[in-house]
Each structure stands twice: as structure tokens, then as C-alpha cells.
file upload_9.cif (mmCIF, C-alpha atoms)
data_protein
loop_
_atom_site.label_atom_id
_atom_site.label_comp_id
_atom_site.auth_asym_id
_atom_site.auth_seq_id
_atom_site.Cartn_x
_atom_site.Cartn_y
_atom_site.Cartn_z
CA MET A 24 -5.25 -24.07 17.57
CA LYS A 25 -6.63 -22.57 14.37
CA SER A 26 -5.71 -19.04 15.48
CA LEU A 27 -2.16 -20.17 16.38
CA PHE A 28 -1.81 -21.67 12.90
CA THR A 29 -3.06 -18.40 11.35
CA LEU A 30 -0.53 -16.39 13.38
CA ILE A 31 2.30 -18.67 12.28
CA ILE A 32 1.33 -18.31 8.61
CA ILE A 33 1.15 -14.51 8.95
CA ALA A 34 4.54 -14.42 10.71
CA ILE A 35 6.12 -16.49 7.92
CA ALA A 36 4.60 -14.26 5.23
CA ILE A 37 5.72 -11.07 6.96
CA SER A 38 9.22 -12.34 7.73
CA ALA A 39 9.71 -13.20 4.06
CA CYS A 40 9.05 -9.54 3.27
CA GLY A 41 12.10 -7.94 4.94
CA GLN A 42 14.10 -5.71 2.56
CA SER A 43 16.45 -2.89 3.46
CA LYS A 44 16.79 0.61 2.04
CA GLU A 45 20.17 -0.38 0.60
CA GLN A 46 18.55 -3.21 -1.37
CA MET A 47 16.29 -0.65 -3.07
CA GLU A 48 19.05 1.73 -4.17
CA GLY A 49 19.52 2.06 -7.89
CA ASN A 50 15.83 1.81 -8.79
CA ASP A 51 14.65 4.88 -10.71
CA LEU A 52 11.23 4.87 -9.02
CA ILE A 53 12.66 5.23 -5.52
CA GLU A 54 14.51 8.54 -5.36
CA LYS A 55 14.22 9.35 -1.66
CA VAL A 56 13.53 7.22 1.40
CA TYR A 57 12.55 9.10 4.55
CA SER A 58 13.83 7.86 7.90
CA SER A 59 11.64 5.67 10.07
CA GLY A 60 9.09 7.81 11.91
CA GLN A 61 10.14 10.96 10.05
CA GLU A 62 7.31 13.32 9.16
CA VAL A 63 6.70 13.51 5.44
CA PRO A 64 5.42 16.57 3.53
CA VAL A 65 1.75 16.13 2.61
CA GLU A 66 -1.04 18.21 1.13
CA ILE A 67 -3.97 16.75 3.12
CA LYS A 68 -3.66 17.39 6.84
CA MET A 69 -6.41 16.18 9.13
CA THR A 70 -6.64 15.59 12.86
CA ASP A 71 -6.85 12.08 14.22
CA ALA A 72 -10.53 12.68 15.02
CA GLU A 73 -11.22 13.80 11.44
CA TRP A 74 -9.54 10.65 10.04
CA LYS A 75 -11.57 8.45 12.42
CA ALA A 76 -14.78 10.13 11.26
CA LYS A 77 -13.87 9.74 7.57
CA LEU A 78 -12.63 6.12 7.55
CA SER A 79 -14.03 2.75 8.60
CA ASP A 80 -12.34 1.12 11.60
CA GLU A 81 -10.42 -1.25 9.31
CA ALA A 82 -9.29 1.52 6.95
CA TYR A 83 -8.27 3.74 9.88
CA TYR A 84 -6.20 0.89 11.37
CA ILE A 85 -4.33 0.38 8.09
CA LEU A 86 -4.06 3.92 6.73
CA ARG A 87 -3.41 5.86 9.93
CA GLN A 88 -1.99 3.24 12.33
CA GLN A 89 0.22 1.36 9.83
CA GLY A 90 -1.82 -1.81 10.22
CA THR A 91 -1.92 -4.80 7.89
CA GLU A 92 -4.86 -6.92 6.85
CA ARG A 93 -4.43 -10.69 7.01
CA ALA A 94 -3.03 -12.32 3.87
CA TYR A 95 -5.62 -13.64 1.40
CA THR A 96 -8.47 -11.73 3.07
CA GLY A 97 -8.52 -8.35 1.28
CA LYS A 98 -11.10 -7.70 -1.41
CA TYR A 99 -8.48 -6.97 -4.10
CA TRP A 100 -5.76 -9.57 -3.49
CA ASN A 101 -7.09 -11.84 -6.25
CA SER A 102 -9.00 -9.30 -8.37
CA LYS A 103 -8.44 -9.50 -12.11
CA GLU A 104 -10.73 -6.62 -13.13
CA THR A 105 -9.44 -3.87 -15.43
CA GLY A 106 -9.34 -0.37 -13.99
CA THR A 107 -7.58 1.95 -11.57
CA TYR A 108 -6.75 1.64 -7.87
CA TYR A 109 -7.07 4.90 -5.92
CA SER A 110 -6.00 5.85 -2.41
CA LEU A 111 -8.95 5.63 -0.04
CA ALA A 112 -7.43 8.43 2.06
CA SER A 113 -6.81 11.04 -0.64
CA GLY A 114 -8.57 9.83 -3.79
CA GLN A 115 -5.43 10.07 -5.91
CA PRO A 116 -4.82 7.36 -8.51
CA LEU A 117 -2.11 4.92 -7.42
CA PHE A 118 -1.94 1.86 -9.69
CA LEU A 119 -3.43 0.59 -12.94
CA SER A 120 -4.66 -2.99 -13.09
CA ASP A 121 -2.15 -3.53 -15.94
CA ALA A 122 0.63 -3.26 -13.32
CA LYS A 123 -1.01 -5.80 -10.97
CA PHE A 124 0.41 -9.32 -10.75
CA ASP A 125 -0.02 -12.43 -8.64
CA SER A 126 2.97 -12.45 -6.31
CA GLY A 127 1.66 -15.33 -4.21
CA CYS A 128 1.95 -13.26 -1.01
CA GLY A 129 -1.80 -12.84 -0.38
CA TRP A 130 -1.95 -9.07 -0.84
CA PRO A 131 -2.59 -7.02 -4.00
CA SER A 132 0.78 -6.56 -5.70
CA PHE A 133 1.86 -4.13 -8.40
CA PHE A 134 5.18 -3.55 -10.19
CA GLU A 135 4.87 0.24 -10.64
CA PRO A 136 2.63 3.16 -9.63
CA ILE A 137 0.75 5.29 -12.17
CA ASP A 138 2.95 8.24 -11.23
CA LYS A 139 6.17 7.90 -9.23
CA ASP A 140 5.17 11.02 -7.27
CA ALA A 141 2.02 9.29 -5.96
CA ILE A 142 4.11 7.29 -3.48
CA ILE A 143 6.36 8.39 -0.60
CA TYR A 144 8.91 5.90 0.73
CA ARG A 145 9.91 5.59 4.38
CA SER A 146 12.15 3.13 6.23
CA ASP A 147 10.19 0.79 8.49
CA ASP A 148 12.10 -1.04 11.21
CA ALA A 149 9.02 -2.34 13.06
CA HIS A 150 8.65 -5.98 14.11
CA GLY A 151 12.39 -6.60 13.91
CA MET A 152 12.45 -6.25 10.11
CA LYS A 153 13.95 -3.68 7.78
CA ARG A 154 11.40 -2.76 5.13
CA ILE A 155 10.37 0.20 2.99
CA GLU A 156 6.91 1.50 3.82
CA ILE A 157 4.86 3.11 1.05
CA LEU A 158 2.66 6.11 1.79
CA ASP A 159 0.05 8.00 -0.19
CA SER A 160 1.93 11.18 -1.13
CA LYS A 161 -1.08 13.46 -0.66
CA SER A 162 -2.07 12.34 2.85
CA GLY A 163 0.93 10.42 4.21
CA SER A 164 -1.34 7.44 4.83
CA HIS A 165 0.14 3.94 5.03
CA LEU A 166 -0.59 1.78 1.98
CA GLY A 167 1.77 -1.17 2.47
CA HIS A 168 5.41 -1.91 1.62
CA VAL A 169 7.66 -2.22 -1.44
CA PHE A 170 10.14 -5.03 -2.06
CA ASN A 171 12.75 -5.71 -4.73
CA ASP A 172 11.46 -9.14 -5.75
CA GLY A 173 8.95 -8.04 -8.39
CA PRO A 174 8.80 -8.72 -12.12
CA PRO A 175 10.29 -6.67 -14.96
CA PRO A 176 10.39 -3.92 -15.96
CA THR A 177 10.91 -2.46 -12.45
CA GLY A 178 11.85 -5.49 -10.37
CA LEU A 179 9.66 -4.06 -7.59
CA ARG A 180 6.67 -5.50 -5.75
CA TYR A 181 4.37 -2.90 -4.22
CA CYS A 182 2.43 -4.93 -1.67
CA LEU A 183 -0.74 -3.09 -0.62
CA ASN A 184 -3.64 -3.49 1.75
CA SER A 185 -7.04 -3.70 0.04
CA ASP A 186 -8.63 -1.51 2.72
CA ALA A 187 -6.23 1.31 1.78
CA MET A 188 -7.63 1.50 -1.77
CA VAL A 189 -10.73 1.99 -3.87
CA PHE A 190 -10.96 0.21 -7.22
CA VAL A 191 -12.73 1.92 -10.12
CA PRO A 192 -13.46 -0.30 -13.13
CA LEU A 193 -12.30 0.93 -16.56
CA GLY A 194 -14.80 3.32 -18.11
CA GLU A 195 -16.59 4.12 -14.86
CA ASP A 196 -16.68 7.55 -13.24
CA PRO A 197 -14.51 7.71 -10.09
CA LYS A 198 -17.09 10.07 -8.55
CA ASN A 199 -19.47 7.11 -8.37
CA TYR A 200 -16.97 5.55 -5.96
CA GLY A 201 -16.49 8.62 -3.77
CA ILE A 202 -13.33 9.72 -5.61
CA GLY A 203 -12.92 13.34 -6.67
CA GLY A 204 -16.12 14.67 -5.19
CA GLU A 205 -18.60 13.70 -2.54
#
call {"tool": "encode", "arguments": {"input": "upload_9.cif", "output": "C-alpha cells"}}
result
Amino acid sequence: MKSLFTLIIIAIAISACGQSKEQMEGNDLIEKVYSSGQEVPVEIKMTDAEWKAKLSDEAYYILRQQGTERAYTGKYWNSKETGTYYSLASGQPLFLSDAKFDSGCGWPSFFEPIDKDAIIYRSDDAHGMKRIEILDSKSGSHLGHVFNDGPPPTGLRYCLNSDAMVFVPLGEDPKNYGIGGE
């Protein structure tokens, strides 16, 4: 019974997240949305076997298979530390903690990326919903989705999976977290 309840809660949370490409038009951060399933241009190209060797099972499921961690279970959903969130797949900086906010959805949420070119947008019609998937622009890895119900100044909510990111506290060297050199 407990697992059925969990599935119902997840279904409600996910169904509340449906937003179409048209609903995103007019936002300066989203210039181009690739079609669902369309290949996107990326710098880091690895085989499936190489990704499996590099990532944990959980990270591989999210980053390479477009998976989603359960709401309220990721290590960063409720984090209030000051620092930078990097892509686990490519090591590029994605979001500053200053852009993080509590959206109440159970996943880490941000209102804008560090650099608009760090994110690629692609239509996602999976599970009977119309959403905008967000990808790491260097590797094409799945990070989460973006919705138009966020706070000012952008009005966007970038909803990410914790297992797709690495957090580096302010003042610490990213290399100590496997970012920018191994």
C-alpha cells in the first residue's frame, strides 16, 4: 500500500509539471527548443559503455536515460548552502545557489542558469505530457525540465535532479569535487 501511495504522489507531482513549448515563448533565456528526440550538438561525445563506466547507476539513469529521482529524495532538494551547482556529466557550471528557491515540488529548483548557453532545451512529450527538457549543453545529458511558474525576474522554474549535479561550496576548489580535472 505504501508503494501505491508513493506512486500516486509522484504521478500528481509530475502531472502538475506539464508545460508546452508555446507557453515558454517570449522568455529571453529560451531561444531555441529542439524537437522531441532530436539530436543536439554537443562537445562531449562518449559511447554508452563509456558513460556507464563514468557514472553511478543512479546518475546514468537520470543523465543518459532521462530518468527522474523521486521527489524529496535528492541530496540537494532542500540544500541552503552557498555555492555553485555543476553538471555531473560535463563539469560545467550550471546554477548559482543565489538562483535556487523552494518551489515546493521536491526537486532542486532555480530561476536562471549561470550562463544561458549552459542549457539546451528540447520538447519532451513522454508520459502523455508536454514539457521542456533541459540538457547540459556540453554533453547533451538530461538534467530535468523547465516550467514557466517560477519567480521573478525570469518567471522560470528549472527543476533538476540532484544526481545530475555536483555542488561546490563557495570558496572551495571545484577540482576537489572532481570538476575540471581528475
call {"tool": "residues_around", "arguments": {"input": "upload_9.cif", "residues": "Ile137 (chain A)", "least_positions_apart": "6", "cutoff": "8 Å", "atoms": "all atoms listed in the file", "output": "list in words"}}
result
Pro116, Leu117, Phe118 and Leu119 of chain A
call {"tool": "resolve_selection", "arguments": {"input": "upload_9.cif", "expression": "the PyMOL selection byres ((chain A and resi 124) around 10)", "output": "list in words"}}
result
Trp100, Asn101, Ser102, Lys103, Ser120, Asp121, Ala122, Lys123, Asp125, Ser126, Gly127, Pro131, Ser132, Phe133, Phe134, Gly173, Pro174, Arg180 and Tyr181 of chain A
call {"tool": "write_last_selection", "arguments": {"input": "upload_9.cif", "atoms": "C-alpha atoms", "output": "short mmCIF file (atom, residue, chain, number, x, y, z; two decimals), in the frame of the given file"}}
result
data_model
loop_
_atom_site.label_atom_id
_atom_site.label_comp_id
_atom_site.auth_asym_id
_atom_site.auth_seq_id
_atom_site.Cartn_x
_atom_site.Cartn_y
_atom_site.Cartn_z
CA TRP A 100 -5.76 -9.57 -3.49
CA ASN A 101 -7.09 -11.84 -6.25
CA SER A 102 -9.00 -9.30 -8.37
CA LYS A 103 -8.44 -9.50 -12.11
CA SER A 120 -4.66 -2.99 -13.09
CA ASP A 121 -2.15 -3.53 -15.94
CA ALA A 122 0.63 -3.26 -13.32
CA LYS A 123 -1.01 -5.80 -10.97
CA ASP A 125 -0.02 -12.43 -8.64
CA SER A 126 2.97 -12.45 -6.31
CA GLY A 127 1.66 -15.33 -4.21
CA PRO A 131 -2.59 -7.02 -4.00
CA SER A 132 0.78 -6.56 -5.70
CA PHE A 133 1.86 -4.13 -8.40
CA PHE A 134 5.18 -3.55 -10.19
CA GLY A 173 8.95 -8.04 -8.39
CA PRO A 174 8.80 -8.72 -12.12
CA ARG A 180 6.67 -5.50 -5.75
CA TYR A 181 4.37 -2.90 -4.22
#
call {"tool": "atom_distance", "arguments": {"input": "upload_9.cif", "atom1": "CA of Lys98 (chain A)", "atom2": "CA of Leu183 (chain A)"}}
result
11.4 Å
call {"tool": "resolve_selection", "arguments": {"input": "upload_9.cif", "expression": "the PyMOL selection byres ((chain A and resi 140) around 12)", "output": "PyMOL selection string"}}
result
chain A and resi 51-55+65+115-118+135-139+141-144+157-161
call {"tool": "atom_distance", "arguments": {"input": "upload_9.cif", "atom1": "CA of Tyr200 (chain A)", "atom2": "CA of Met188 (chain A)"}}
result
11.0 Å
call {"tool": "resolve_selection", "arguments": {"input": "upload_9.cif", "expression": "the PyMOL selection byres ((chain A and resi 83) around 12)", "output": "PyMOL selection string"}}
result
chain A and resi 71-82+84-92+111-112+164-166+184+186-188
call {"tool": "atom_distance", "arguments": {"input": "upload_9.cif", "atom1": "CA of Tyr99 (chain A)", "atom2": "CA of Ser185 (chain A)"}}
result
5.5 Å
call {"tool": "residues_around", "arguments": {"input": "upload_9.cif", "residues": "region 189-197 of chain A", "least_positions_apart": "4", "cutoff": "8 Å", "atoms": "only C-alpha atoms", "output": "ChimeraX atom specification"}}
result
/A:104-111,185,201-203
call {"tool": "write_last_selection", "arguments": {"input": "upload_9.cif", "atoms": "C-alpha atoms", "output": "compact mmCIF listing (two decimals), in the frame of the given file"}}
result
# COMPACT_ATOMS: atom_id res chain seq x y z
CA GLU A 104 -10.73 -6.62 -13.13
CA THR A 105 -9.44 -3.87 -15.43
CA GLY A 106 -9.34 -0.37 -13.99
CA THR A 107 -7.58 1.95 -11.57
CA TYR A 108 -6.75 1.64 -7.87
CA TYR A 109 -7.07 4.90 -5.92
CA SER A 110 -6.00 5.85 -2.41
CA LEU A 111 -8.95 5.63 -0.04
CA SER A 185 -7.04 -3.70 0.04
CA GLY A 201 -16.49 8.62 -3.77
CA ILE A 202 -13.33 9.72 -5.61
CA GLY A 203 -12.92 13.34 -6.67
call {"tool": "residues_near_point", "arguments": {"input": "upload_9.cif", "point": "(9.9, -1.0, 8.4)", "cutoff": "9 Å", "atoms": "all atoms listed in the file", "output": "PDB file with C-alpha atoms, keeping the file's coordinate frame"}}
result
ATOM      1  CA  GLY A  41      12.100  -7.940   4.940  1.00  0.00           C
ATOM      2  CA  GLN A  42      14.100  -5.710   2.560  1.00  0.00           C
ATOM      3  CA  SER A  43      16.450  -2.890   3.460  1.00  0.00           C
ATOM      4  CA  SER A  59      11.640   5.670  10.070  1.00  0.00           C
ATOM      5  CA  ARG A 145       9.910   5.590   4.380  1.00  0.00           C
ATOM      6  CA  SER A 146      12.150   3.130   6.230  1.00  0.00           C
ATOM      7  CA  ASP A 147      10.190   0.790   8.490  1.00  0.00           C
ATOM      8  CA  ASP A 148      12.100  -1.040  11.210  1.00  0.00           C
ATOM      9  CA  ALA A 149       9.020  -2.340  13.060  1.00  0.00           C
ATOM     10  CA  HIS A 150       8.650  -5.980  14.110  1.00  0.00           C
ATOM     11  CA  GLY A 151      12.390  -6.600  13.910  1.00  0.00           C
ATOM     12  CA  MET A 152      12.450  -6.250  10.110  1.00  0.00           C
ATOM     13  CA  LYS A 153      13.950  -3.680   7.780  1.00  0.00           C
ATOM     14  CA  ARG A 154      11.400  -2.760   5.130  1.00  0.00           C
ATOM     15  CA  ILE A 155      10.370   0.200   2.990  1.00  0.00           C
ATOM     16  CA  GLU A 156       6.910   1.500   3.820  1.00  0.00           C
ATOM     17  CA  HIS A 168       5.410  -1.910   1.620  1.00  0.00           C
TER      18      HIS A 168
END
call {"tool": "build_atoms", "arguments": {"input": "upload_9.cif", "residues": "region 88-112 of chain A", "atoms": "N, CA and C atoms", "output": "PDB file, in the coordinates of the input"}}
result
ATOM      1  N   GLN A  88      -2.736   3.904  11.262  1.00  0.00           N
ATOM      2  CA  GLN A  88      -1.990   3.240  12.330  1.00  0.00           C
ATOM      3  C   GLN A  88      -0.992   2.215  11.790  1.00  0.00           C
ATOM      4  N   GLN A  89      -0.733   2.246  10.495  1.00  0.00           N
ATOM      5  CA  GLN A  89       0.220   1.360   9.830  1.00  0.00           C
ATOM      6  C   GLN A  89      -0.107  -0.117  10.051  1.00  0.00           C
ATOM      7  N   GLY A  90      -1.387  -0.430  10.055  1.00  0.00           N
ATOM      8  CA  GLY A  90      -1.820  -1.810  10.220  1.00  0.00           C
ATOM      9  C   GLY A  90      -1.701  -2.613   8.938  1.00  0.00           C
ATOM     10  N   THR A  91      -1.961  -3.895   9.048  1.00  0.00           N
ATOM     11  CA  THR A  91      -1.920  -4.800   7.890  1.00  0.00           C
ATOM     12  C   THR A  91      -3.096  -5.759   7.983  1.00  0.00           C
ATOM     13  N   GLU A  92      -3.798  -5.917   6.875  1.00  0.00           N
ATOM     14  CA  GLU A  92      -4.860  -6.920   6.850  1.00  0.00           C
ATOM     15  C   GLU A  92      -4.221  -8.296   6.709  1.00  0.00           C
ATOM     16  N   ARG A  93      -4.946  -9.323   7.121  1.00  0.00           N
ATOM     17  CA  ARG A  93      -4.430 -10.690   7.010  1.00  0.00           C
ATOM     18  C   ARG A  93      -4.286 -11.071   5.538  1.00  0.00           C
ATOM     19  N   ALA A  94      -3.257 -11.836   5.243  1.00  0.00           N
ATOM     20  CA  ALA A  94      -3.030 -12.320   3.870  1.00  0.00           C
ATOM     21  C   ALA A  94      -4.249 -13.091   3.376  1.00  0.00           C
ATOM     22  N   TYR A  95      -4.542 -12.941   2.096  1.00  0.00           N
ATOM     23  CA  TYR A  95      -5.620 -13.640   1.400  1.00  0.00           C
ATOM     24  C   TYR A  95      -7.017 -13.272   1.906  1.00  0.00           C
ATOM     25  N   THR A  96      -7.158 -12.132   2.584  1.00  0.00           N
ATOM     26  CA  THR A  96      -8.470 -11.730   3.070  1.00  0.00           C
ATOM     27  C   THR A  96      -8.981 -10.437   2.439  1.00  0.00           C
ATOM     28  N   GLY A  97      -8.117  -9.634   1.860  1.00  0.00           N
ATOM     29  CA  GLY A  97      -8.520  -8.350   1.280  1.00  0.00           C
ATOM     30  C   GLY A  97      -9.330  -8.530   0.007  1.00  0.00           C
ATOM     31  N   LYS A  98     -10.202  -7.584  -0.263  1.00  0.00           N
ATOM     32  CA  LYS A  98     -11.100  -7.700  -1.410  1.00  0.00           C
ATOM     33  C   LYS A  98     -10.395  -7.629  -2.759  1.00  0.00           C
ATOM     34  N   TYR A  99      -9.162  -7.119  -2.812  1.00  0.00           N
ATOM     35  CA  TYR A  99      -8.480  -6.970  -4.100  1.00  0.00           C
ATOM     36  C   TYR A  99      -7.307  -7.930  -4.319  1.00  0.00           C
ATOM     37  N   TRP A 100      -6.979  -8.764  -3.354  1.00  0.00           N
ATOM     38  CA  TRP A 100      -5.760  -9.570  -3.490  1.00  0.00           C
ATOM     39  C   TRP A 100      -5.801 -10.467  -4.725  1.00  0.00           C
ATOM     40  N   ASN A 101      -6.985 -10.928  -5.103  1.00  0.00           N
ATOM     41  CA  ASN A 101      -7.090 -11.840  -6.250  1.00  0.00           C
ATOM     42  C   ASN A 101      -7.920 -11.247  -7.387  1.00  0.00           C
ATOM     43  N   SER A 102      -8.176  -9.957  -7.348  1.00  0.00           N
ATOM     44  CA  SER A 102      -9.000  -9.300  -8.370  1.00  0.00           C
ATOM     45  C   SER A 102      -8.264  -9.265  -9.709  1.00  0.00           C
ATOM     46  N   LYS A 103      -9.012  -9.527 -10.759  1.00  0.00           N
ATOM     47  CA  LYS A 103      -8.440  -9.500 -12.110  1.00  0.00           C
ATOM     48  C   LYS A 103      -9.151  -8.473 -12.989  1.00  0.00           C
ATOM     49  N   GLU A 104      -9.990  -7.636 -12.383  1.00  0.00           N
ATOM     50  CA  GLU A 104     -10.730  -6.620 -13.130  1.00  0.00           C
ATOM     51  C   GLU A 104      -9.789  -5.561 -13.697  1.00  0.00           C
ATOM     52  N   THR A 105     -10.216  -4.931 -14.796  1.00  0.00           N
ATOM     53  CA  THR A 105      -9.440  -3.870 -15.430  1.00  0.00           C
ATOM     54  C   THR A 105      -9.924  -2.521 -14.922  1.00  0.00           C
ATOM     55  N   GLY A 106      -8.982  -1.687 -14.491  1.00  0.00           N
ATOM     56  CA  GLY A 106      -9.340  -0.370 -13.990  1.00  0.00           C
ATOM     57  C   GLY A 106      -8.190   0.272 -13.245  1.00  0.00           C
ATOM     58  N   THR A 107      -8.557   1.162 -12.313  1.00  0.00           N
ATOM     59  CA  THR A 107      -7.580   1.950 -11.570  1.00  0.00           C
ATOM     60  C   THR A 107      -7.813   1.805 -10.079  1.00  0.00           C
ATOM     61  N   TYR A 108      -6.717   1.694  -9.334  1.00  0.00           N
ATOM     62  CA  TYR A 108      -6.750   1.640  -7.870  1.00  0.00           C
ATOM     63  C   TYR A 108      -6.376   3.020  -7.340  1.00  0.00           C
ATOM     64  N   TYR A 109      -7.248   3.576  -6.505  1.00  0.00           N
ATOM     65  CA  TYR A 109      -7.070   4.900  -5.920  1.00  0.00           C
ATOM     66  C   TYR A 109      -6.807   4.786  -4.424  1.00  0.00           C
ATOM     67  N   SER A 110      -6.172   5.796  -3.857  1.00  0.00           N
ATOM     68  CA  SER A 110      -6.000   5.850  -2.410  1.00  0.00           C
ATOM     69  C   SER A 110      -7.339   6.156  -1.767  1.00  0.00           C
ATOM     70  N   LEU A 111      -7.711   5.373  -0.778  1.00  0.00           N
ATOM     71  CA  LEU A 111      -8.950   5.630  -0.040  1.00  0.00           C
ATOM     72  C   LEU A 111      -8.824   6.923   0.759  1.00  0.00           C
ATOM     73  N   ALA A 112      -7.634   7.236   1.229  1.00  0.00           N
ATOM     74  CA  ALA A 112      -7.430   8.430   2.060  1.00  0.00           C
ATOM     75  C   ALA A 112      -7.510   9.719   1.273  1.00  0.00           C
TER      76      ALA A 112
END
